[in-house]
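Trainee: A single structure is presented below for examination.
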Amino acid sequence: MTIQKHEYPGVGETLYTAVLDNGLEVRVVPKRDYATYYAAFTTNYGGACRRFSVDGRTLDTPAGVAHYLEHKMFDLPDGDSALNILSANGADPNAFTSSGVTCYYFQCTEGFEENLRMLLHFVSTPYFTAETVEKERGIIAQEIRMGEDNPGMVVYYNLLEMLYAHHPIRDRVAGTVESIQEITAETLYDCHRVFYAPSNMILCVEGDVDPGEIARIAEEVLPKEKMPVPRADFGEAESLIPSEHLRTVEMEVSAPQFLIGAKLLPGLRGTEALRQRLTASLALRMLCGTSSPFFTRLYADGTLNMDFDYEVDASADTLTMIVGGESKTPEKVLTELNAEITRIAEDGFDPAAFTRAKRASLGARLRALEDFDNVCVSLAMDSFDGYCSFDSFELLEEITAEDCRRFVAEELAPERLALSIVAPKRGEAET
């Protein structure tokens, strides 16, 4: 095992990386004399990874397996819970499942090595029985039903259904009440064996630690065998044109909630992927951020409020641009956004405003380095796409106003946009 050192003098960070014999990638950011430790153990397996190939075989699984597996992984063979053990040892543990990954993590100020060993142990030691799996089914079904009544989730997944004709990212990470009925202990064991192999995972740690010691502990605790890396099958390539452009549903909300989205070119890796995402984020900041002419104009006339936001979401081999919030007139927001896109495509961005926006973006990224959780989770997600977010500072400096203008003109044409609305039930709208 060779540990490599990567210096980032522009932001004062140092990253150590290694790949163990079992295929696990380790990324460590030492922070001398800091009291806080953070560790994230992440598998390249999320809710959209339902069809996959391994050892020459193609397997299909029900929607919701990755999320179900996350729920059950904290159970230990002796009947105890890893959550209880970690908490009793001074750690703050948790986990999440997205469309693309599942991440188990903890933060602590003491007992770090013991907590790290427990994290690696329970995530690599599956224990399920028919009885415990069945008991969890009711809990997850209740969680799914709560999501179905959540306007934020409804407007979001409606947008994904409109943008993506068949990619499984359009389906809820937790699955449906019907799909989870098909999940058994055997299903969970099979998916754990394939996707929780060290060769399909990454361990990221930040704190006052020795990188070599972190790698040694991982070698000691985790399985020694290097397993083949599974390949998720997300189906045929999607058209960049949404399958549906407008969808409105009524729910018990006080004001309409809306999201406007567009699919971006997926599948890029390494520096190209990072440049694409940085360009998209910077362009959106200029186009509709809180300092943009678009937002200030619509905020002044009451069309938008401070809930309005934007993001570029990369997950499960997809890249999606999303903007939205609350508005009494979501259709007007789309009309005004299209007009602003047309103007920017023709005239470009104001150079002085672009310089300020780039500085603001750099400042936000620098502030994010103070959050150990953000650093570790970002490093994990980056790894699966072949880059490191610490490179974003140097790369962001290279992006020009013309790059951002071109992005807006080419990626945000009117036919590329879809509008999802959750409106108040008739008679319940704001007066």
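Residue numbering restarts at 1 for every chain of the structure tokens, chains are lettered A, B, ... in their displayed order, and ligands are numbered from 1 as they appear.
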If you run DSSP on the backbone here, which positions in segment 264-358 of chain A get alpha helix (DSSP H)? Please write them as a VMD selection string.

Mentor: chain A and resid 270 to 288 293 to 300 330 to 347 351 to 358

Trainee: Write down as a list in words the residues of segment 251-290 of chain A whose backbone DSSP state falls under strand (DSSP E).

Mentor: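 Strand (DSSP E) members of segment 251-290 of chain A, listed: Met251, Gln257, Phe258, Leu259, Ile260, Gly261, Ala262, Lys263 and Leu264 of chain A.
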
Trainee: Take the residues from that selection and put them in a file with C-alpha atoms, as a CSV table (one decimal), in the first residue's frame.

Mentor:
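And here's result_25.csv as it stands now:
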```
chain,number,residue,atom,x,y,z
A,251,MET,CA,-52.2,19.6,-2.0
A,257,GLN,CA,-44.5,25.5,-4.5
A,258,PHE,CA,-42.6,25.0,-7.8
A,259,LEU,CA,-39.5,23.6,-9.3
A,260,ILE,CA,-38.1,24.3,-12.8
A,261,GLY,CA,-35.5,21.8,-14.0
A,262,ALA,CA,-33.4,20.7,-17.0
A,263,LYS,CA,-31.3,17.6,-17.7
A,264,LEU,CA,-27.7,18.3,-18.4
```

Trainee: Extract, using only C-alpha atoms, all DNA, RNA and protein residues at most 9 Å from Val221 of chain A, discarding same-chain residues fewer than 3 positions from it, and format them as a list in words.

Mentor: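 Contacts, in chain order: Arg117, Leu120, His121, Ser124, Arg216, Ile217, Ala218 and Lys224 of chain A.
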
Trainee: For C-alpha atoms, I'd like the residues from the last selection saved as a short mmCIF file (atom, residue, chain, number, x, y, z; two decimals), in the first residue's frame.

Mentor:
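The resulting result.cif:
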```
data_model
loop_
_atom_site.label_atom_id
_atom_site.label_comp_id
_atom_site.auth_asym_id
_atom_site.auth_seq_id
_atom_site.Cartn_x
_atom_site.Cartn_y
_atom_site.Cartn_z
CA ARG A 117 -13.46 0.41 14.23
CA LEU A 120 -16.06 -0.25 9.70
CA HIS A 121 -17.22 -3.35 11.56
CA SER A 124 -19.11 -4.68 6.70
CA ARG A 216 -3.94 0.22 8.81
CA ILE A 217 -7.15 0.09 10.86
CA ALA A 218 -9.20 -0.31 7.68
CA LYS A 224 -9.27 -8.90 2.75
#
```

Trainee: Using only C-alpha atoms, determine which residues lie at most 9 Å from segment 207-212 of chain A, disregarding the query and same-chain residues fewer than 3 positions distant; provide the list as a PyMOL selection string.

Mentor: chain A and resi 3+16-18+26-39+215-217+372

Trainee: Find the residues near Arg277 of chain A: any atom within 8 Å, counting only C-alpha atoms, skip ones fewer than 4 places away on the same chain, and give them as a list in words.

Mentor: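 Non-adjacent residues within range: Ala273, Ser281 and Val312 of chain A.
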
Trainee: Please produce a file of those selected residues containing N, CA, C and O atoms, as a PDB file, in the first residue's frame.

Mentor:
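selection_13.pdb, written as the output of this step:
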```pdb
ATOM      1  N   ALA A 273     -15.903  16.525 -15.617  1.00  0.00           N
ATOM      2  CA  ALA A 273     -17.121  16.532 -14.815  1.00  0.00           C
ATOM      3  C   ALA A 273     -17.106  17.687 -13.818  1.00  0.00           C
ATOM      4  O   ALA A 273     -18.109  18.391 -13.641  1.00  0.00           O
ATOM      5  N   SER A 281     -22.991  25.726 -11.854  1.00  0.00           N
ATOM      6  CA  SER A 281     -23.317  26.407 -10.594  1.00  0.00           C
ATOM      7  C   SER A 281     -23.050  27.901 -10.681  1.00  0.00           C
ATOM      8  O   SER A 281     -23.855  28.722 -10.211  1.00  0.00           O
ATOM      9  N   VAL A 312     -27.316  22.332  -8.628  1.00  0.00           N
ATOM     10  CA  VAL A 312     -26.944  21.399  -9.680  1.00  0.00           C
ATOM     11  C   VAL A 312     -26.740  20.058  -8.992  1.00  0.00           C
ATOM     12  O   VAL A 312     -25.843  19.903  -8.169  1.00  0.00           O
TER      13      VAL A 312
END
```

Trainee: Please identify all polymer residues within 10 Å of segment 360-369 of chain A, counting only C-alpha atoms, omitting same-chain residues fewer than 4 positions from it, and present them as a list in words.

Mentor: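 Listed by chain and then number, they are Val11, Glu13, Leu278, Ser281, Leu282, Arg285, Phe354, Thr355, Arg356, Asp373, Asn374, Val375, Cys376, Ser389, Phe390, Ser392, Phe393, Glu394, Leu396 and Glu397 of chain A.
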
Trainee: Keeping N, CA, C and O atoms for every residue in the selection just given, could you write it to a file as an mmCIF file, in the first residue's frame?

Mentor:
```cif
data_model
loop_
_atom_site.group_PDB
_atom_site.id
_atom_site.type_symbol
_atom_site.label_atom_id
_atom_site.label_comp_id
_atom_site.auth_asym_id
_atom_site.auth_seq_id
_atom_site.Cartn_x
_atom_site.Cartn_y
_atom_site.Cartn_z
ATOM 1 N N VAL A 11 -5.481 26.845 -0.722
ATOM 2 C CA VAL A 11 -6.545 26.835 0.294
ATOM 3 C C VAL A 11 -6.048 26.239 1.607
ATOM 4 O O VAL A 11 -6.841 26.019 2.538
ATOM 5 N N GLU A 13 -4.903 23.212 2.365
ATOM 6 C CA GLU A 13 -5.347 21.856 2.673
ATOM 7 C C GLU A 13 -4.327 20.836 2.169
ATOM 8 O O GLU A 13 -3.634 21.064 1.170
ATOM 9 N N LEU A 278 -18.988 23.065 -11.988
ATOM 10 C CA LEU A 278 -18.621 24.409 -11.539
ATOM 11 C C LEU A 278 -19.192 25.471 -12.471
ATOM 12 O O LEU A 278 -19.696 26.508 -12.017
ATOM 13 N N SER A 281 -22.991 25.726 -11.854
ATOM 14 C CA SER A 281 -23.317 26.407 -10.594
ATOM 15 C C SER A 281 -23.050 27.901 -10.681
ATOM 16 O O SER A 281 -23.855 28.722 -10.211
ATOM 17 N N LEU A 282 -21.934 28.277 -11.287
ATOM 18 C CA LEU A 282 -21.607 29.698 -11.416
ATOM 19 C C LEU A 282 -22.587 30.393 -12.352
ATOM 20 O O LEU A 282 -23.026 31.526 -12.095
ATOM 21 N N ARG A 285 -25.789 30.970 -10.468
ATOM 22 C CA ARG A 285 -25.629 32.088 -9.525
ATOM 23 C C ARG A 285 -25.811 33.420 -10.248
ATOM 24 O O ARG A 285 -26.474 34.333 -9.751
ATOM 25 N N PHE A 354 -19.906 39.381 -13.001
ATOM 26 C CA PHE A 354 -19.331 38.037 -13.084
ATOM 27 C C PHE A 354 -18.147 37.899 -12.132
ATOM 28 O O PHE A 354 -18.012 36.889 -11.435
ATOM 29 N N THR A 355 -17.300 38.886 -12.075
ATOM 30 C CA THR A 355 -16.153 38.853 -11.163
ATOM 31 C C THR A 355 -16.616 38.747 -9.718
ATOM 32 O O THR A 355 -16.072 37.964 -8.929
ATOM 33 N N ARG A 356 -17.648 39.516 -9.362
ATOM 34 C CA ARG A 356 -18.174 39.458 -7.992
ATOM 35 C C ARG A 356 -18.764 38.085 -7.696
ATOM 36 O O ARG A 356 -18.571 37.535 -6.606
ATOM 37 N N ASP A 373 -18.045 17.585 8.013
ATOM 38 C CA ASP A 373 -18.999 16.696 7.346
ATOM 39 C C ASP A 373 -19.083 16.998 5.862
ATOM 40 O O ASP A 373 -19.107 16.080 5.025
ATOM 41 N N ASN A 374 -19.111 18.285 5.506
ATOM 42 C CA ASN A 374 -19.161 18.665 4.103
ATOM 43 C C ASN A 374 -17.917 18.184 3.362
ATOM 44 O O ASN A 374 -18.010 17.655 2.241
ATOM 45 N N VAL A 375 -16.757 18.328 3.978
ATOM 46 C CA VAL A 375 -15.511 17.919 3.334
ATOM 47 C C VAL A 375 -15.488 16.422 3.090
ATOM 48 O O VAL A 375 -15.214 15.951 1.978
ATOM 49 N N CYS A 376 -15.799 15.632 4.123
ATOM 50 C CA CYS A 376 -15.707 14.179 3.992
ATOM 51 C C CYS A 376 -16.735 13.621 3.017
ATOM 52 O O CYS A 376 -16.419 12.758 2.189
ATOM 53 N N SER A 389 -12.749 17.530 -4.959
ATOM 54 C CA SER A 389 -13.328 18.876 -4.862
ATOM 55 C C SER A 389 -12.296 19.928 -4.468
ATOM 56 O O SER A 389 -12.510 21.113 -4.710
ATOM 57 N N PHE A 390 -11.169 19.539 -3.880
ATOM 58 C CA PHE A 390 -10.125 20.524 -3.580
ATOM 59 C C PHE A 390 -9.571 21.154 -4.861
ATOM 60 O O PHE A 390 -9.000 22.244 -4.819
ATOM 61 N N SER A 392 -11.393 22.252 -7.144
ATOM 62 C CA SER A 392 -12.389 23.185 -7.672
ATOM 63 C C SER A 392 -11.931 24.636 -7.575
ATOM 64 O O SER A 392 -12.314 25.466 -8.402
ATOM 65 N N PHE A 393 -11.092 24.959 -6.602
ATOM 66 C CA PHE A 393 -10.677 26.355 -6.424
ATOM 67 C C PHE A 393 -9.822 26.827 -7.601
ATOM 68 O O PHE A 393 -10.055 27.900 -8.164
ATOM 69 N N GLU A 394 -8.870 26.019 -7.982
ATOM 70 C CA GLU A 394 -8.025 26.381 -9.118
ATOM 71 C C GLU A 394 -8.814 26.343 -10.418
ATOM 72 O O GLU A 394 -8.660 27.217 -11.287
ATOM 73 N N LEU A 396 -12.067 26.745 -10.825
ATOM 74 C CA LEU A 396 -13.066 27.818 -10.876
ATOM 75 C C LEU A 396 -12.456 29.117 -11.396
ATOM 76 O O LEU A 396 -13.114 29.891 -12.103
ATOM 77 N N GLU A 397 -11.193 29.356 -11.073
ATOM 78 C CA GLU A 397 -10.511 30.560 -11.554
ATOM 79 C C GLU A 397 -10.428 30.590 -13.077
ATOM 80 O O GLU A 397 -10.377 31.651 -13.694
#
```

Trainee: Which residues come within 9 Å of Ala401 of chain A, counting only C-alpha atoms, excluding same-chain residues fewer than 5 positions away, as a PyMOL selection string?

Mentor: chain A and resi 283+348-351+354-355+406

Trainee: Just how far from atom CA of Met1 of chain A is atom CA of Gly23 of chain A, in Å to one decimal?

Mentor: 10.6 Å

Trainee: Write out, as CSV, each residue of segment 226-277 of chain A that has an atom at most 10 Å from segment 191-197 of chain A, together with the closest pair of atoms and their distance in Å to one decimal, counting only C-alpha atoms, rows going by chain and rising number.

Mentor:
```
residue,atom,partner,partner_atom,distance
A:Lys226,CA,A:Ala197,CA,7.6
A:Met227,CA,A:Ala197,CA,6.2
A:Pro228,CA,A:Val194,CA,8.1
A:Val229,CA,A:Phe195,CA,7.8
A:Pro230,CA,A:Val194,CA,6.7
A:Arg231,CA,A:Phe195,CA,9.7
```

Trainee: Please produce a file of the residues just selected, as a PDB file, in the first residue's frame, where the atoms kept are N, CA and C atoms.

Mentor:
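Done, and the output landed in part_19.pdb:
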```pdb
ATOM      1  N   LYS A 226     -10.495  -8.865  -2.584  1.00  0.00           N
ATOM      2  CA  LYS A 226     -10.879  -7.815  -3.512  1.00  0.00           C
ATOM      3  C   LYS A 226     -11.946  -8.359  -4.446  1.00  0.00           C
ATOM      4  N   MET A 227     -13.155  -7.830  -4.314  1.00  0.00           N
ATOM      5  CA  MET A 227     -14.303  -8.298  -5.097  1.00  0.00           C
ATOM      6  C   MET A 227     -14.435  -7.474  -6.377  1.00  0.00           C
ATOM      7  N   PRO A 228     -15.086  -8.053  -7.409  1.00  0.00           N
ATOM      8  CA  PRO A 228     -15.342  -7.265  -8.626  1.00  0.00           C
ATOM      9  C   PRO A 228     -16.267  -6.098  -8.339  1.00  0.00           C
ATOM     10  N   VAL A 229     -16.050  -5.006  -9.046  1.00  0.00           N
ATOM     11  CA  VAL A 229     -16.878  -3.810  -8.865  1.00  0.00           C
ATOM     12  C   VAL A 229     -18.138  -3.933  -9.721  1.00  0.00           C
ATOM     13  N   PRO A 230     -19.325  -3.825  -9.123  1.00  0.00           N
ATOM     14  CA  PRO A 230     -20.567  -3.942  -9.899  1.00  0.00           C
ATOM     15  C   PRO A 230     -20.753  -2.747 -10.821  1.00  0.00           C
ATOM     16  N   ARG A 231     -21.481  -2.959 -11.884  1.00  0.00           N
ATOM     17  CA  ARG A 231     -21.779  -1.880 -12.841  1.00  0.00           C
ATOM     18  C   ARG A 231     -23.282  -1.691 -12.901  1.00  0.00           C
TER      19      ARG A 231
END
```

Trainee: Which residue, A:Thr279, A:Ser378, A:Ala352, A:Val101, has the smallest gap to Glu398 of chain A when you use only C-alpha atoms?

Mentor: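 Nearest to Glu398 of chain A: A:Thr279.
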
Trainee: Which of these residues is nearest to Leu412 of chain A, using only C-alpha atoms: A:Thr342, A:Asn89, A:Thr248, A:Thr97?

Mentor: A:Thr342

Trainee: Which one of A:His245, A:Arg343, A:His167, A:Arg405 sits closest to Ala316 of chain A if you count only C-alpha atoms?

Mentor: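 Of A:His245, A:Arg343, A:His167, A:Arg405, the one nearest Ala316 of chain A is A:His167, counting only C-alpha atoms.
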
Trainee: With distances taken over only C-alpha atoms, which residue among A:Thr400, A:Thr129, A:Ser420, A:Thr335 lies nearest Val155 of chain A?

Mentor: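 So, comparing all the options, the nearest one is A:Ser420.
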
Trainee: Grab the atom CA of Ile183 of chain A to atom CA of Gln142 of chain A distance for me, in Å with one decimal place.

Mentor: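 Between these atoms lies a distance of 15.8 Å.
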
Trainee: Which residue is closest to Tyr310 of chain A? Choose from A:Ala280, A:Ala165, A:Leu334, A:Leu119 and count only C-alpha atoms.

Mentor: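 Going through A:Ala280, A:Ala165, A:Leu334, A:Leu119 one by one, the smallest distance to Tyr310 of chain A is for A:Ala280.
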